[in-house]
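Next comes run_13.tsv, with TSV, C-alpha atoms.
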```
chain	number	residue	atom	x	y	z
A	30	MET	CA	-14.49	15.71	17.42
A	31	ARG	CA	-17.10	14.02	19.58
A	32	ALA	CA	-15.18	11.01	20.91
A	33	ILE	CA	-11.88	9.10	20.60
A	34	ALA	CA	-11.29	5.40	21.20
A	35	VAL	CA	-8.20	3.20	20.98
A	36	ARG	CA	-8.10	-0.58	20.87
A	37	GLY	CA	-4.95	-2.03	22.38
A	38	SER	CA	-3.39	-5.35	21.44
A	39	GLY	CA	-5.24	-8.26	23.05
A	40	THR	CA	-8.28	-6.17	24.03
A	41	PRO	CA	-11.70	-7.07	22.60
A	42	ALA	CA	-13.12	-3.57	22.20
A	43	PRO	CA	-12.01	0.07	21.83
A	44	ALA	CA	-11.63	2.12	25.01
A	45	SER	CA	-12.49	5.81	25.29
A	46	VAL	CA	-9.66	8.30	25.71
A	47	GLU	CA	-9.67	12.09	25.89
A	48	ARG	CA	-6.51	12.56	23.85
A	49	VAL	CA	-4.31	10.45	21.57
A	50	GLU	CA	-1.12	10.86	19.58
A	51	ALA	CA	-1.54	10.48	15.82
A	52	MET	CA	1.68	9.16	14.27
A	53	ALA	CA	2.45	10.21	10.70
A	54	GLY	CA	2.38	7.22	8.36
A	55	ARG	CA	1.42	4.78	11.13
A	56	GLY	CA	-1.88	5.54	12.86
A	57	LEU	CA	-2.87	6.17	16.47
A	58	ALA	CA	-0.44	5.45	19.30
A	59	GLY	CA	-1.42	2.34	21.23
A	60	ASP	CA	-4.01	1.20	18.68
A	61	ILE	CA	-3.90	-2.30	17.23
A	62	HIS	CA	-4.39	-0.96	13.69
A	63	ALA	CA	-1.35	1.33	13.70
A	64	ASP	CA	0.63	0.00	10.74
A	65	ALA	CA	2.68	1.81	8.11
A	66	ARG	CA	1.64	-0.58	5.33
A	67	SER	CA	-2.10	-0.44	5.97
A	68	PRO	CA	-4.78	1.84	4.50
A	69	ARG	CA	-6.94	0.99	7.56
A	70	GLN	CA	-5.02	2.90	10.25
A	71	VAL	CA	-7.96	4.92	11.60
A	72	LEU	CA	-11.73	4.34	11.43
A	73	LEU	CA	-13.93	7.43	11.42
A	74	ALA	CA	-17.67	7.17	12.08
A	75	GLY	CA	-20.40	9.81	12.01
A	76	THR	CA	-22.86	10.63	14.77
A	77	ALA	CA	-25.74	10.30	12.27
A	78	ALA	CA	-25.47	6.50	12.25
A	79	TYR	CA	-25.57	6.38	16.06
A	80	ASP	CA	-28.55	8.73	16.24
A	81	THR	CA	-30.53	6.96	13.52
A	82	LEU	CA	-29.96	3.45	14.86
A	83	ALA	CA	-29.91	4.37	18.58
A	84	LEU	CA	-26.62	2.54	19.07
A	85	PRO	CA	-24.66	2.30	22.34
A	86	PRO	CA	-21.16	3.86	22.38
A	87	HIS	CA	-18.44	2.15	20.33
A	88	SER	CA	-20.92	-0.12	18.50
A	89	LEU	CA	-19.25	0.68	15.18
A	90	ARG	CA	-15.80	0.19	16.76
A	91	GLU	CA	-14.57	3.51	15.40
A	92	ASN	CA	-11.48	5.40	16.56
A	93	LEU	CA	-12.88	8.87	15.92
A	94	LEU	CA	-16.51	9.92	16.15
A	95	LEU	CA	-17.29	13.02	14.07
A	96	ASP	CA	-20.22	15.33	13.50
A	97	LEU	CA	-19.89	14.60	9.78
A	98	ASP	CA	-21.68	12.28	7.36
A	99	THR	CA	-18.92	9.75	6.73
A	100	ALA	CA	-21.10	7.86	4.21
A	101	GLY	CA	-20.87	10.85	1.90
A	102	MET	CA	-17.11	11.30	2.17
A	103	ALA	CA	-14.86	10.48	-0.75
A	104	SER	CA	-11.54	8.67	-0.92
A	105	GLY	CA	-8.59	11.02	-1.31
A	106	THR	CA	-10.22	13.71	0.82
A	107	VAL	CA	-7.90	15.24	3.44
A	108	LEU	CA	-9.15	16.21	6.89
A	109	ARG	CA	-7.38	18.44	9.40
A	110	ILE	CA	-8.03	17.70	13.05
A	111	GLY	CA	-7.00	20.29	15.57
A	112	VAL	CA	-4.01	22.38	14.54
A	113	GLN	CA	-1.70	19.99	12.72
A	114	VAL	CA	-3.02	16.45	12.31
A	115	ARG	CA	-4.08	15.55	8.77
A	116	LEU	CA	-5.79	12.36	7.63
A	117	ARG	CA	-6.15	10.98	4.12
A	118	LEU	CA	-9.44	9.13	3.63
A	119	SER	CA	-8.95	5.65	2.16
A	120	PHE	CA	-12.32	3.97	1.48
A	121	GLN	CA	-15.59	3.10	3.19
A	122	CYS	CA	-15.37	0.41	5.87
A	123	GLU	CA	-17.45	-2.69	5.28
A	124	ALA	CA	-20.03	-3.67	7.89
A	125	CYS	CA	-18.46	-6.91	9.10
A	126	GLY	CA	-19.92	-9.68	11.25
A	127	SER	CA	-18.19	-8.42	14.41
A	128	LEU	CA	-20.92	-5.79	14.71
A	129	GLU	CA	-23.39	-8.54	15.56
A	130	GLN	CA	-21.76	-8.77	19.00
A	131	HIS	CA	-23.43	-5.48	19.88
A	132	ALA	CA	-26.85	-6.00	18.34
A	133	PRO	CA	-28.27	-8.80	16.17
A	134	GLY	CA	-28.99	-7.46	12.71
A	135	LEU	CA	-26.67	-4.45	13.07
A	136	THR	CA	-24.50	-5.48	10.13
A	137	ARG	CA	-27.45	-5.28	7.76
A	138	ALA	CA	-28.98	-2.22	9.40
A	139	VAL	CA	-25.85	-0.07	9.31
A	140	GLY	CA	-25.16	-0.75	5.62
A	141	ALA	CA	-22.78	1.86	4.21
A	142	ARG	CA	-22.81	3.93	7.41
A	143	ARG	CA	-20.14	1.94	9.28
A	144	GLY	CA	-17.58	4.67	8.68
A	145	ILE	CA	-14.62	5.51	6.51
A	146	LEU	CA	-11.01	4.38	6.93
A	147	ALA	CA	-8.03	6.70	6.82
A	148	ARG	CA	-4.26	7.04	7.06
A	149	VAL	CA	-2.35	9.62	9.08
A	150	LEU	CA	-0.52	12.13	6.86
A	151	ALA	CA	0.70	14.54	9.52
A	152	GLY	CA	0.97	13.58	13.16
A	153	GLY	CA	0.37	15.34	16.47
A	154	GLU	CA	-1.92	15.17	19.45
A	155	ILE	CA	-5.69	15.27	18.99
A	156	GLY	CA	-8.37	15.54	21.63
A	157	VAL	CA	-12.11	15.41	22.13
A	158	GLY	CA	-13.60	18.72	21.05
A	159	ASP	CA	-10.92	19.50	18.46
A	160	PRO	CA	-12.29	21.03	15.24
A	161	VAL	CA	-12.40	18.86	12.11
A	162	VAL	CA	-11.98	20.64	8.78
A	163	VAL	CA	-12.34	19.22	5.27
A	164	LEU	CA	-9.43	20.67	3.29
A	165	GLU	CA	-9.40	21.57	-0.39
A	166	GLU	CA	-6.36	19.31	-0.86
A	167	ARG	CA	-7.10	16.08	-2.74
A	168	LEU	CA	-4.89	13.00	-2.97
A	169	PRO	CA	-5.21	9.99	-5.30
A	170	VAL	CA	-8.39	7.98	-4.82
A	171	MET	CA	-8.35	4.43	-3.50
A	172	PRO	CA	-11.03	2.29	-5.19
A	173	GLU	CA	-13.97	1.10	-3.13
A	174	ASP	CA	-13.88	-2.22	-5.01
A	175	TRP	CA	-11.34	-4.46	-3.26
A	176	ARG	CA	-10.45	-6.15	-6.57
A	177	GLU	CA	-9.26	-2.86	-8.02
A	178	ARG	CA	-7.16	-2.18	-4.94
A	179	VAL	CA	-5.53	-5.61	-5.20
A	180	ALA	CA	-4.75	-4.99	-8.87
A	181	ARG	CA	-3.14	-1.64	-8.07
A	182	VAL	CA	-0.88	-3.17	-5.44
A	183	ILE	CA	0.23	-5.87	-7.88
A	184	GLU	CA	0.97	-3.23	-10.50
A	185	ALA	CA	3.30	-1.55	-8.00
A	186	VAL	CA	5.40	-4.68	-7.31
A	187	PRO	CA	8.99	-3.73	-8.18
A	188	PRO	CA	10.50	-5.45	-11.24
A	189	GLY	CA	12.11	-8.77	-10.42
A	190	GLN	CA	10.06	-9.27	-7.22
A	191	VAL	CA	6.78	-10.89	-6.15
A	192	ILE	CA	4.30	-10.28	-3.36
A	193	GLY	CA	2.78	-12.96	-1.14
A	194	TYR	CA	-0.98	-13.25	-0.80
A	195	ALA	CA	-0.97	-12.23	2.89
A	196	ASP	CA	1.01	-9.06	2.21
A	197	LEU	CA	-1.12	-8.33	-0.84
A	198	ALA	CA	-4.30	-8.50	1.25
A	199	HIS	CA	-2.77	-6.38	3.99
A	200	VAL	CA	-1.59	-3.57	1.73
A	201	ALA	CA	-4.83	-3.58	-0.28
A	202	GLY	CA	-6.83	-3.31	2.93
A	203	VAL	CA	-8.83	-6.54	2.71
A	204	GLN	CA	-9.36	-9.32	5.24
A	205	SER	CA	-6.99	-12.29	5.03
A	206	SER	CA	-9.95	-14.52	4.18
A	207	TYR	CA	-10.01	-12.82	0.77
A	208	CYS	CA	-6.79	-14.65	-0.11
A	209	ARG	CA	-8.95	-17.62	-1.10
A	210	ALA	CA	-10.38	-15.51	-3.92
A	211	PHE	CA	-7.01	-14.37	-5.24
A	212	PRO	CA	-6.33	-17.28	-7.65
A	213	ARG	CA	-9.60	-16.65	-9.49
A	214	LEU	CA	-9.02	-12.89	-9.53
A	215	LEU	CA	-5.45	-13.32	-10.81
A	216	ALA	CA	-6.65	-15.66	-13.54
A	217	ARG	CA	-9.07	-12.99	-14.68
A	218	LEU	CA	-6.47	-10.22	-14.53
A	219	GLY	CA	-4.06	-12.23	-16.68
A	220	PRO	CA	-0.59	-13.79	-16.62
A	221	ALA	CA	1.27	-10.53	-16.01
A	222	TYR	CA	-0.56	-10.11	-12.69
A	223	ALA	CA	-0.53	-13.78	-11.72
A	224	ALA	CA	3.24	-13.92	-12.10
A	225	ARG	CA	3.74	-11.21	-9.48
A	226	ALA	CA	1.56	-12.60	-6.66
A	227	VAL	CA	2.19	-15.94	-4.93
A	228	PRO	CA	0.60	-18.00	-2.13
A	229	ALA	CA	2.20	-17.75	1.31
A	230	ARG	CA	3.75	-21.23	1.18
A	231	ALA	CA	5.14	-20.84	-2.31
A	232	GLU	CA	8.90	-20.73	-2.77
A	233	PRO	CA	9.38	-18.37	-5.73
A	234	ASP	CA	12.75	-17.81	-7.36
A	235	LEU	CA	12.28	-14.06	-7.06
A	236	PRO	CA	12.60	-12.02	-3.84
A	237	ARG	CA	9.42	-11.00	-2.04
A	238	TRP	CA	8.15	-7.44	-1.64
A	239	ASP	CA	5.97	-6.74	1.40
A	240	GLY	CA	4.37	-3.56	0.08
A	241	THR	CA	6.49	-1.12	2.06
A	242	GLY	CA	6.16	2.39	0.63
A	243	PHE	CA	3.09	1.69	-1.52
A	244	HIS	CA	0.80	4.14	0.26
A	245	ALA	CA	3.53	6.65	1.05
A	246	GLN	CA	4.18	7.22	-2.66
A	247	ALA	CA	0.63	8.51	-3.17
A	248	GLU	CA	0.87	10.74	-0.11
A	249	ALA	CA	4.21	12.40	-0.88
```

Render the structure in this file as C-alpha cells.
Amino acid sequence: MRAIAVRGSGTPAPASVERVEAMAGRGLAGDIHADARSPRQVLLAGTAAYDTLALPPHSLRENLLLDLDTAGMASGTVLRIGVQVRLRLSFQCEACGSLEQHAPGLTRAVGARRGILARVLAGGEIGVGDPVVVLEERLPVMPEDWRERVARVIEAVPPGQVIGYADLAHVAGVQSSYCRAFPRLLARLGPAYAARAVPARAEPDLPRWDGTGFHAQAEA
C-alpha cells in the first residue's frame, strides 16, 4: 500500500492519512463514499497511471494507491490488505469531468486507468505499507456496462415492490444524471422491467425497495 486518502463530508478533495478503519459492508471510516448500498465504497488506483502521466498526488481522487495495475484487474476479484481486511472489486471507475480540476485534458488522457471500485468484505485497520495480496477467491462479477448493472438490480426487486430511479442508480453504481436515460433503457428491456422501476416523484401503489441487501447477497 503506497498511500491512503479519505474524503470527508463537505470537503472538496481527499486528504492523506497513515491509517484508516475499513468497515465491513460500508467502506472507509470518515469517507463520504461509505455506504452499505453502494458498489463504489472504495476507489483503488495504481501507481502506473501516476508515473506515466506525471500526476500530482490525489489527482485520480483514489482512496488507496497500490503498486498494482488496476486497469488489468477483474470484477469479483478479492484483495487482502494487511492481515484481515478484504475487498471485493466491483468495476472500473469512469474518468469523470472532475479530473479536469487537476489538469486540463486529464479525463481523456487517463482513459481506463482511473482505478477500480470496491466494497469492503471484511473490516479492520489498514495502513500505508501494508501488503496487498490478490486472493484465489472469486465472487460474482459486476458488469462493466452500467445498463447491465441496472437490469440486474431491477431483477432483484422483491415481488410486490418497486424501486425508485434514484435508488436504482445508487445501487447500480451510476451517477444520478443517468436517471434521464432510464425510461429509454426500461422501454428496451420490456414491460416486466419497466413495471418495477419508477421515477422519484411517482406515487406507485406498491411499496418501494431501496436496494438494501442487494450487494450483500453476492458477498455472503

Problem set entry | Counting only C-alpha atoms, the option among A:Ala249, A:Ala224, A:Cys122, A:Leu116 closest to Gly193 (chain A) |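 Answer, going by the shortest atom-to-atom distance: A:Ala224.
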
Problem set entry | Close residues, Leu97 (chain A) itself excluded, 9 Å, all atoms listed in the file, min 3 positions apart in chain, as a ChimeraX atom specification | /A:74-77,94,100-102,161

For this session: Around the point (1.4, 17.3, 11.2), in the coordinates given by the file, pick out the residues reaching within 10 Å, counting all atoms listed in the file, and return them as a count of residues only.
Result: 17

For this session: Rank A:Ala216, A:Val162, A:Ala247, A:Leu146 by their smallest atom-to-atom distance to Ala185 (chain A), using only C-alpha atoms, and report the top residue only.
Result: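 Using only C-alpha atoms, Ala185 (chain A) sits closest to A:Ala247.
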
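For Leu214 (chain A), the non-local neighbours within 12 Å, defined as residues at least 2 positions apart in the same chain or in other chains and counting all atoms listed in the file, are Trp175, Arg176, Glu177, Arg178, Val179, Ala180, Ile183, Tyr194, Tyr207, Cys208, Arg209, Ala210, Phe211, Pro212, Ala216, Arg217, Leu218, Gly219, Pro220, Tyr222, Ala223 and Ala226 of chain A.
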